[in-house]
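The structure file target-v8.txt is reproduced below (compact mmCIF, C-alpha atoms).
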# COMPACT_ATOMS: atom_id res chain seq x y z
CA MET A 1 106.92 97.02 102.62
CA THR A 2 109.10 100.13 102.98
CA ARG A 3 112.44 99.41 104.63
CA ILE A 4 114.90 101.87 106.14
CA ILE A 5 118.27 101.18 104.49
CA ALA A 6 121.52 102.80 105.57
CA ASP A 7 123.80 102.77 102.53
CA ILE A 8 127.32 104.20 102.68
CA SER A 9 130.88 103.71 101.44
CA VAL A 10 133.54 103.10 104.07
CA SER A 11 137.30 102.50 104.23
CA LEU A 12 138.89 99.40 105.70
CA ASP A 13 139.69 101.39 108.83
CA GLY A 14 136.11 102.60 109.26
CA PHE A 15 136.09 106.13 107.82
CA VAL A 16 133.48 107.58 105.45
CA THR A 17 135.59 110.61 104.53
CA GLY A 18 139.27 111.40 104.54
CA PRO A 19 140.76 114.11 106.78
CA ASP A 20 139.43 117.70 106.64
CA PRO A 21 136.09 117.23 104.84
CA GLY A 22 133.92 120.25 104.08
CA PRO A 23 132.42 122.37 101.30
CA GLY A 24 134.74 122.19 98.31
CA ASN A 25 136.35 119.06 99.76
CA GLY A 26 133.30 117.01 100.68
CA LEU A 27 135.03 113.65 100.91
CA GLY A 28 138.13 114.99 102.65
CA THR A 29 141.70 114.36 101.59
CA GLY A 30 141.92 111.04 99.77
CA GLY A 31 138.22 110.32 100.31
CA GLU A 32 137.46 110.07 96.60
CA ALA A 33 138.89 106.53 96.75
CA LEU A 34 135.83 105.49 98.77
CA HIS A 35 133.57 106.04 95.78
CA THR A 36 135.68 104.66 92.94
CA TRP A 37 133.18 101.81 92.68
CA ALA A 38 130.31 104.22 91.90
CA PHE A 39 132.10 105.43 88.74
CA SER A 40 133.46 102.03 87.76
CA ASP A 41 132.62 100.13 84.59
CA ASP A 42 132.62 96.86 86.54
CA PRO A 43 129.26 95.15 85.81
CA GLY A 44 128.85 94.24 89.47
CA ASP A 45 129.33 97.83 90.58
CA ARG A 46 126.90 99.09 87.93
CA ARG A 47 124.29 96.57 89.11
CA VAL A 48 124.68 97.58 92.75
CA LEU A 49 124.30 101.27 91.88
CA ARG A 50 121.36 100.68 89.55
CA GLU A 51 119.46 98.52 92.04
CA ALA A 52 120.07 100.96 94.91
CA THR A 53 118.74 103.88 92.89
CA ALA A 54 115.75 101.93 91.62
CA ARG A 55 114.61 101.00 95.13
CA SER A 56 114.90 104.54 96.55
CA GLY A 57 111.56 106.13 97.35
CA ALA A 58 113.12 108.81 99.56
CA VAL A 59 116.64 109.64 100.71
CA VAL A 60 117.73 111.04 104.09
CA LEU A 61 120.88 113.09 104.56
CA GLY A 62 122.37 115.32 107.21
CA ARG A 63 122.85 119.06 106.90
CA ARG A 64 126.63 118.94 106.45
CA LEU A 65 126.26 116.56 103.53
CA PHE A 66 123.46 118.71 102.10
CA ASP A 67 125.75 121.75 102.20
CA VAL A 68 128.33 119.80 100.22
CA VAL A 69 125.97 118.45 97.56
CA ASP A 70 124.11 121.77 97.15
CA GLY A 71 127.35 123.75 97.14
CA PRO A 72 128.99 125.12 93.97
CA ASP A 73 131.18 122.01 93.59
CA GLY A 74 128.38 119.59 94.47
CA TRP A 75 125.88 117.61 92.45
CA ASP A 76 125.06 118.34 88.83
CA ASP A 77 123.34 116.54 85.95
CA GLU A 78 126.18 114.00 85.71
CA VAL A 79 127.18 113.53 89.37
CA GLY A 80 124.77 113.01 92.24
CA TYR A 81 122.17 110.64 93.62
CA GLY A 82 120.22 109.18 90.71
CA ALA A 83 122.18 111.10 88.08
CA GLY A 84 121.76 109.37 84.74
CA GLU A 85 118.85 107.27 86.00
CA ALA A 86 115.18 107.51 85.02
CA GLY A 87 114.17 109.61 88.00
CA ARG A 88 115.27 110.95 91.36
CA PRO A 89 113.63 110.36 94.73
CA ALA A 90 112.53 112.91 97.32
CA PHE A 91 115.31 114.12 99.63
CA VAL A 92 114.82 114.73 103.35
CA VAL A 93 117.45 116.76 105.21
CA VAL A 94 117.97 116.66 108.98
CA THR A 95 118.87 120.18 110.05
CA SER A 96 118.49 122.72 112.85
CA SER A 97 117.38 125.34 110.33
CA PRO A 98 116.47 125.19 106.61
CA PRO A 99 118.76 126.97 104.14
CA GLU A 100 117.78 130.40 102.89
CA SER A 101 118.30 129.40 99.25
CA LEU A 102 118.85 126.30 97.11
CA ARG A 103 121.14 125.78 94.14
CA LEU A 104 119.53 122.42 93.31
CA ALA A 105 116.01 123.82 93.47
CA GLU A 106 114.76 121.40 90.81
CA LEU A 107 115.10 118.49 93.25
CA ASP A 108 112.39 117.61 95.78
CA TRP A 109 113.73 118.76 99.19
CA THR A 110 112.12 118.52 102.63
CA PHE A 111 113.90 120.01 105.65
CA VAL A 112 113.10 118.48 109.06
CA THR A 113 114.13 120.47 112.13
CA THR A 114 112.80 118.13 114.83
CA GLY A 115 115.41 115.39 114.73
CA LEU A 116 116.52 112.28 112.91
CA ALA A 117 113.60 110.05 113.91
CA ASP A 118 111.12 112.59 112.52
CA ALA A 119 113.15 112.89 109.33
CA VAL A 120 113.03 109.11 108.87
CA THR A 121 109.27 109.18 109.48
CA ALA A 122 108.83 111.94 106.89
CA ALA A 123 110.96 110.01 104.41
CA ARG A 124 108.97 106.84 105.03
CA GLU A 125 105.76 108.71 104.24
CA ARG A 126 107.27 110.01 100.99
CA ALA A 127 108.55 106.55 100.04
CA GLU A 128 105.19 104.91 100.80
CA ALA A 129 103.42 107.51 98.67
CA ALA A 130 105.88 106.90 95.83
CA SER A 131 105.35 103.15 96.24
CA ALA A 132 101.59 103.59 95.89
CA ASP A 133 101.99 105.84 92.85
CA GLY A 134 104.45 103.51 91.14
CA GLY A 135 102.87 100.21 92.11
CA LYS A 136 106.07 98.78 93.60
CA ASP A 137 107.77 98.69 96.99
CA LEU A 138 110.27 101.49 97.50
CA ASP A 139 112.56 102.09 100.46
CA VAL A 140 114.02 104.94 102.48
CA VAL A 141 117.78 105.22 101.97
CA LEU A 142 120.01 106.96 104.52
CA MET A 143 122.95 108.08 102.40
CA GLY A 144 124.94 109.97 105.03
CA GLY A 145 126.91 111.57 106.25
CA GLY A 146 128.58 109.23 108.63
CA ALA A 147 127.11 110.80 111.76
CA THR A 148 123.59 110.51 110.36
CA VAL A 149 124.00 106.86 109.40
CA GLY A 150 125.81 105.93 112.63
CA SER A 151 123.20 107.70 114.76
CA ALA A 152 120.33 106.03 112.90
CA VAL A 153 121.83 102.56 113.37
CA GLY A 154 122.54 103.28 117.04
CA ALA A 155 118.98 104.53 117.60
CA GLY A 156 117.43 101.41 116.12
CA LEU A 157 115.93 103.23 113.12
CA VAL A 158 117.56 101.05 110.45
CA ASP A 159 116.34 97.75 108.98
CA VAL A 160 119.22 97.09 106.57
CA LEU A 161 122.86 98.23 106.55
CA THR A 162 124.69 98.25 103.22
CA LEU A 163 128.42 98.96 103.30
CA HIS A 164 130.53 99.50 100.21
CA LEU A 165 133.92 98.52 101.60
CA ALA A 166 136.68 100.26 99.66
CA PRO A 167 140.19 98.73 99.67
CA VAL A 168 141.81 101.83 101.17
CA LEU A 169 143.16 102.92 104.56
CA LEU A 170 142.52 106.62 105.23
CA GLY A 171 144.10 106.82 108.69
CA SER A 172 141.68 109.53 109.85
CA GLY A 173 138.58 111.38 108.76
CA THR A 174 134.93 110.94 109.67
CA PRO A 175 134.35 107.61 111.45
CA LEU A 176 131.20 105.69 110.65
CA PHE A 177 130.65 104.41 114.18
CA THR A 178 131.67 106.13 117.41
CA GLY A 179 129.88 103.95 119.96
CA GLY A 180 126.24 103.91 120.97
CA ALA A 181 123.88 101.03 121.56
CA PRO A 182 125.17 97.66 120.28
CA ARG A 183 123.30 96.14 117.32
CA THR A 184 123.32 92.60 116.00
CA LEU A 185 123.83 92.28 112.25
CA VAL A 186 122.85 89.27 110.16
CA ARG A 187 124.71 89.07 106.88
CA ARG A 188 122.43 88.90 103.87
CA SER A 189 124.84 89.17 100.95
CA VAL A 190 128.45 89.80 99.92
CA ALA A 191 129.24 91.01 96.40
CA PRO A 192 132.95 91.51 95.72
CA THR A 193 133.89 93.47 92.60
CA SER A 194 137.13 94.80 91.17
CA THR A 195 136.85 98.04 93.18
CA ALA A 196 134.92 97.26 96.40
CA THR A 197 133.17 94.63 98.46
CA HIS A 198 129.44 95.32 98.79
CA LEU A 199 128.13 93.99 102.12
CA THR A 200 124.47 93.90 103.10
CA TYR A 201 123.25 93.12 106.63
CA ASP A 202 119.85 92.89 108.26
CA VAL A 203 119.86 94.88 111.50
CA VAL A 204 118.28 93.04 114.43
CA ARG A 205 116.37 95.58 116.51
Written form, structure tokens:
Amino acid sequence: MTRIIADISVSLDGFVTGPDPGPGNGLGTGGEALHTWAFSDDPGDRRVLREATARSGAVVLGRRLFDVVDGPDGWDDEVGYGAGEAGRPAFVVVTSSPPESLRLAELDWTFVTTGLADAVTAARERAEAASADGGKDLDVVLMGGGATVGSAVGAGLVDVLTLHLAPVLLGSGTPLFTGGAPRTLVRRSVAPTSTATHLTYDVVR
């Protein structure tokens, strides 16, 4: 069964970027510390990253994050979702208007202009098709940014919330949650490593 999984790194004080994020500074000032675990040699971190990539049938991201990853300082063959893995999933971008051009044109992009719920539906269809083709269950992963993940949780679109809790206080930046409908979380697993604590919760709808 295809699940909708929100998966994001967050600071101890609840931020998913440092101050002043944007193209050329996607994670904001000091925000790189949130993702130290993803480049770590810790076996636990490598397992978490490998398993997350392997289960991804489609990935949802917001337009601001897309502009960062498709920008000149964004993803490349060594850095990016699925980089160094056997394959990369389809990517679904929530946006008010598709971009006029793509730098990362070799990736599978779909641009949805009718809202987050429709983007999740489109990603679910892509993940289910990939599941059928590959003969295994694959999921939809909401990778960010923070507003996209927070809105999806608040709207009841998410089945599982995975937080990579980095041992850093950023003080300001992009908050993960800014209010919205309350949700009950049931802890599924905790995996502490040398660089982060990986927390997984089932979201009670």
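Using only C-alpha atoms, the protein and nucleic acid residues lying no more than 12 Å from Asp45 (chain A), apart from those fewer than 4 places from it along its own chain, are His35, Thr36, Trp37, Ala38, Phe39, Ser40, Asp41, Leu49, Arg50, Glu51, Ala52, His164, Leu165, Ala166, Ala191, Pro192, Thr193, Ser194, Thr195, Ala196, Thr197 and His198 of chain A.
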Exercise. Do you have the CA of Gly71 (chain A)-CA of Leu102 (chain A) distance handy?
Worked result: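 Interatomic distance, CA of Gly71 (chain A) to CA of Leu102 (chain A): 8.9 Å.
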Do you have, as JSON lines, the list of residues of region 42-123 of chain A lying at most 7 Å from region 143-153 of chain A, each with its nearest atom pair and that distance in Å to one decimal, counting only C-alpha atoms and ordered by chain then number?
{"residue": "A:Val59", "atom": "CA", "partner": "A:Met143", "partner_atom": "CA", "distance": 6.7}
{"residue": "A:Val60", "atom": "CA", "partner": "A:Met143", "partner_atom": "CA", "distance": 6.2}
{"residue": "A:Leu61", "atom": "CA", "partner": "A:Gly144", "partner_atom": "CA", "distance": 5.1}
{"residue": "A:Gly62", "atom": "CA", "partner": "A:Thr148", "partner_atom": "CA", "distance": 5.9}
{"residue": "A:Leu65", "atom": "CA", "partner": "A:Gly145", "partner_atom": "CA", "distance": 5.7}
Exercise. Smallest atom-to-atom distance to Glu128 (chain A): which of A:Leu142, A:Val79, A:Leu27, A:Ala58, using only C-alpha atoms?
Worked result: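 Answer, going by the shortest atom-to-atom distance: A:Ala58.
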Exercise. How far is it from CA of Pro21 (chain A) to CA of Ala54 (chain A), in Å with one decimal?
Worked result: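 Computed distance, CA of Pro21 (chain A) to CA of Ala54 (chain A), equals 28.7 Å.
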For this session: Calculate how many Å separate CA of Thr200 (chain A) from CA of Ser9 (chain A), rounding to one decimal.
Result: 11.8 Å
Contacts of Thr95 (chain A) within 10 Å, only C-alpha atoms, excl. fewer than 6 positions in-chain, as an mmCIF file with C-alpha atoms, in the frame of the given file:
data_model
loop_
_atom_site.group_PDB
_atom_site.id
_atom_site.type_symbol
_atom_site.label_atom_id
_atom_site.label_comp_id
_atom_site.auth_asym_id
_atom_site.auth_seq_id
_atom_site.Cartn_x
_atom_site.Cartn_y
_atom_site.Cartn_z
ATOM 1 C CA LEU A 61 120.880 113.090 104.560
ATOM 2 C CA GLY A 62 122.370 115.320 107.210
ATOM 3 C CA ARG A 63 122.850 119.060 106.900
ATOM 4 C CA ARG A 64 126.630 118.940 106.450
ATOM 5 C CA PHE A 66 123.460 118.710 102.100
ATOM 6 C CA PHE A 111 113.900 120.010 105.650
ATOM 7 C CA VAL A 112 113.100 118.480 109.060
ATOM 8 C CA THR A 113 114.130 120.470 112.130
ATOM 9 C CA THR A 114 112.800 118.130 114.830
ATOM 10 C CA GLY A 115 115.410 115.390 114.730
ATOM 11 C CA LEU A 116 116.520 112.280 112.910
ATOM 12 C CA ALA A 119 113.150 112.890 109.330
#
Exercise. Of the candidates A:Pro99, A:Asp118, A:Met1, A:Asn25, which one gets nearest to Leu157 (chain A) if we count all atoms listed in the file?
Worked result: A:Asp118
Problem set entry | Of the listed residues A:Ser189, A:Pro167, A:Pro175, A:Val120, that which approaches Ala6 (chain A) most closely, counting only C-alpha atoms |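 Closest candidate: A:Val120.
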With N, CA, C and O atoms as the goal, would you fill in the gaps in region 179-196 of chain A and present it as a PDB file, in the frame of the given file?
ATOM      1  N   GLY A 179     130.453 104.498 118.732  1.00  0.00           N
ATOM      2  CA  GLY A 179     129.880 103.950 119.960  1.00  0.00           C
ATOM      3  C   GLY A 179     128.370 103.901 119.853  1.00  0.00           C
ATOM      4  O   GLY A 179     127.815 103.806 118.770  1.00  0.00           O
ATOM      5  N   GLY A 180     127.694 103.981 120.977  1.00  0.00           N
ATOM      6  CA  GLY A 180     126.240 103.910 120.970  1.00  0.00           C
ATOM      7  C   GLY A 180     125.768 102.512 121.295  1.00  0.00           C
ATOM      8  O   GLY A 180     126.558 101.610 121.617  1.00  0.00           O
ATOM      9  N   ALA A 181     124.469 102.313 121.206  1.00  0.00           N
ATOM     10  CA  ALA A 181     123.880 101.030 121.560  1.00  0.00           C
ATOM     11  C   ALA A 181     124.368  99.935 120.617  1.00  0.00           C
ATOM     12  O   ALA A 181     124.440 100.142 119.411  1.00  0.00           O
ATOM     13  N   PRO A 182     124.726  98.763 121.152  1.00  0.00           N
ATOM     14  CA  PRO A 182     125.170  97.660 120.280  1.00  0.00           C
ATOM     15  C   PRO A 182     124.009  97.140 119.439  1.00  0.00           C
ATOM     16  O   PRO A 182     122.856  97.127 119.884  1.00  0.00           O
ATOM     17  N   ARG A 183     124.301  96.712 118.229  1.00  0.00           N
ATOM     18  CA  ARG A 183     123.300  96.140 117.320  1.00  0.00           C
ATOM     19  C   ARG A 183     123.837  94.826 116.772  1.00  0.00           C
ATOM     20  O   ARG A 183     125.036  94.699 116.503  1.00  0.00           O
ATOM     21  N   THR A 184     122.948  93.877 116.604  1.00  0.00           N
ATOM     22  CA  THR A 184     123.320  92.600 116.000  1.00  0.00           C
ATOM     23  C   THR A 184     123.010  92.667 114.509  1.00  0.00           C
ATOM     24  O   THR A 184     121.915  93.071 114.105  1.00  0.00           O
ATOM     25  N   LEU A 185     123.988  92.271 113.699  1.00  0.00           N
ATOM     26  CA  LEU A 185     123.830  92.280 112.250  1.00  0.00           C
ATOM     27  C   LEU A 185     123.815  90.840 111.741  1.00  0.00           C
ATOM     28  O   LEU A 185     124.601  90.010 112.190  1.00  0.00           O
ATOM     29  N   VAL A 186     122.921  90.573 110.808  1.00  0.00           N
ATOM     30  CA  VAL A 186     122.850  89.270 110.160  1.00  0.00           C
ATOM     31  C   VAL A 186     123.182  89.466 108.692  1.00  0.00           C
ATOM     32  O   VAL A 186     122.467  90.186 107.979  1.00  0.00           O
ATOM     33  N   ARG A 187     124.263  88.853 108.246  1.00  0.00           N
ATOM     34  CA  ARG A 187     124.710  89.070 106.880  1.00  0.00           C
ATOM     35  C   ARG A 187     123.707  88.496 105.883  1.00  0.00           C
ATOM     36  O   ARG A 187     123.291  87.363 105.985  1.00  0.00           O
ATOM     37  N   ARG A 188     123.338  89.334 104.929  1.00  0.00           N
ATOM     38  CA  ARG A 188     122.430  88.900 103.870  1.00  0.00           C
ATOM     39  C   ARG A 188     123.179  88.558 102.597  1.00  0.00           C
ATOM     40  O   ARG A 188     122.885  87.563 101.934  1.00  0.00           O
ATOM     41  N   SER A 189     124.142  89.419 102.209  1.00  0.00           N
ATOM     42  CA  SER A 189     124.840  89.170 100.950  1.00  0.00           C
ATOM     43  C   SER A 189     126.220  89.832 100.961  1.00  0.00           C
ATOM     44  O   SER A 189     126.456  90.814 101.663  1.00  0.00           O
ATOM     45  N   VAL A 190     127.123  89.252 100.160  1.00  0.00           N
ATOM     46  CA  VAL A 190     128.450  89.800  99.920  1.00  0.00           C
ATOM     47  C   VAL A 190     128.668  89.774  98.417  1.00  0.00           C
ATOM     48  O   VAL A 190     128.499  88.733  97.784  1.00  0.00           O
ATOM     49  N   ALA A 191     129.024  90.940  97.849  1.00  0.00           N
ATOM     50  CA  ALA A 191     129.240  91.010  96.400  1.00  0.00           C
ATOM     51  C   ALA A 191     130.567  91.688  96.130  1.00  0.00           C
ATOM     52  O   ALA A 191     130.642  92.914  96.020  1.00  0.00           O
ATOM     53  N   PRO A 192     131.656  90.910  96.030  1.00  0.00           N
ATOM     54  CA  PRO A 192     132.950  91.510  95.720  1.00  0.00           C
ATOM     55  C   PRO A 192     133.040  91.895  94.245  1.00  0.00           C
ATOM     56  O   PRO A 192     132.522  91.188  93.372  1.00  0.00           O
ATOM     57  N   THR A 193     133.638  93.055  93.972  1.00  0.00           N
ATOM     58  CA  THR A 193     133.890  93.470  92.600  1.00  0.00           C
ATOM     59  C   THR A 193     135.356  93.868  92.493  1.00  0.00           C
ATOM     60  O   THR A 193     136.118  93.726  93.441  1.00  0.00           O
ATOM     61  N   SER A 194     135.729  94.424  91.364  1.00  0.00           N
ATOM     62  CA  SER A 194     137.130  94.800  91.170  1.00  0.00           C
ATOM     63  C   SER A 194     137.517  96.037  91.974  1.00  0.00           C
ATOM     64  O   SER A 194     138.708  96.311  92.152  1.00  0.00           O
ATOM     65  N   THR A 195     136.537  96.781  92.498  1.00  0.00           N
ATOM     66  CA  THR A 195     136.850  98.040  93.180  1.00  0.00           C
ATOM     67  C   THR A 195     136.373  98.107  94.625  1.00  0.00           C
ATOM     68  O   THR A 195     136.797  98.996  95.372  1.00  0.00           O
ATOM     69  N   ALA A 196     135.480  97.208  95.046  1.00  0.00           N
ATOM     70  CA  ALA A 196     134.920  97.260  96.400  1.00  0.00           C
ATOM     71  C   ALA A 196     134.291  95.924  96.747  1.00  0.00           C
ATOM     72  O   ALA A 196     134.100  95.068  95.883  1.00  0.00           O
TER      73      ALA A 196
END
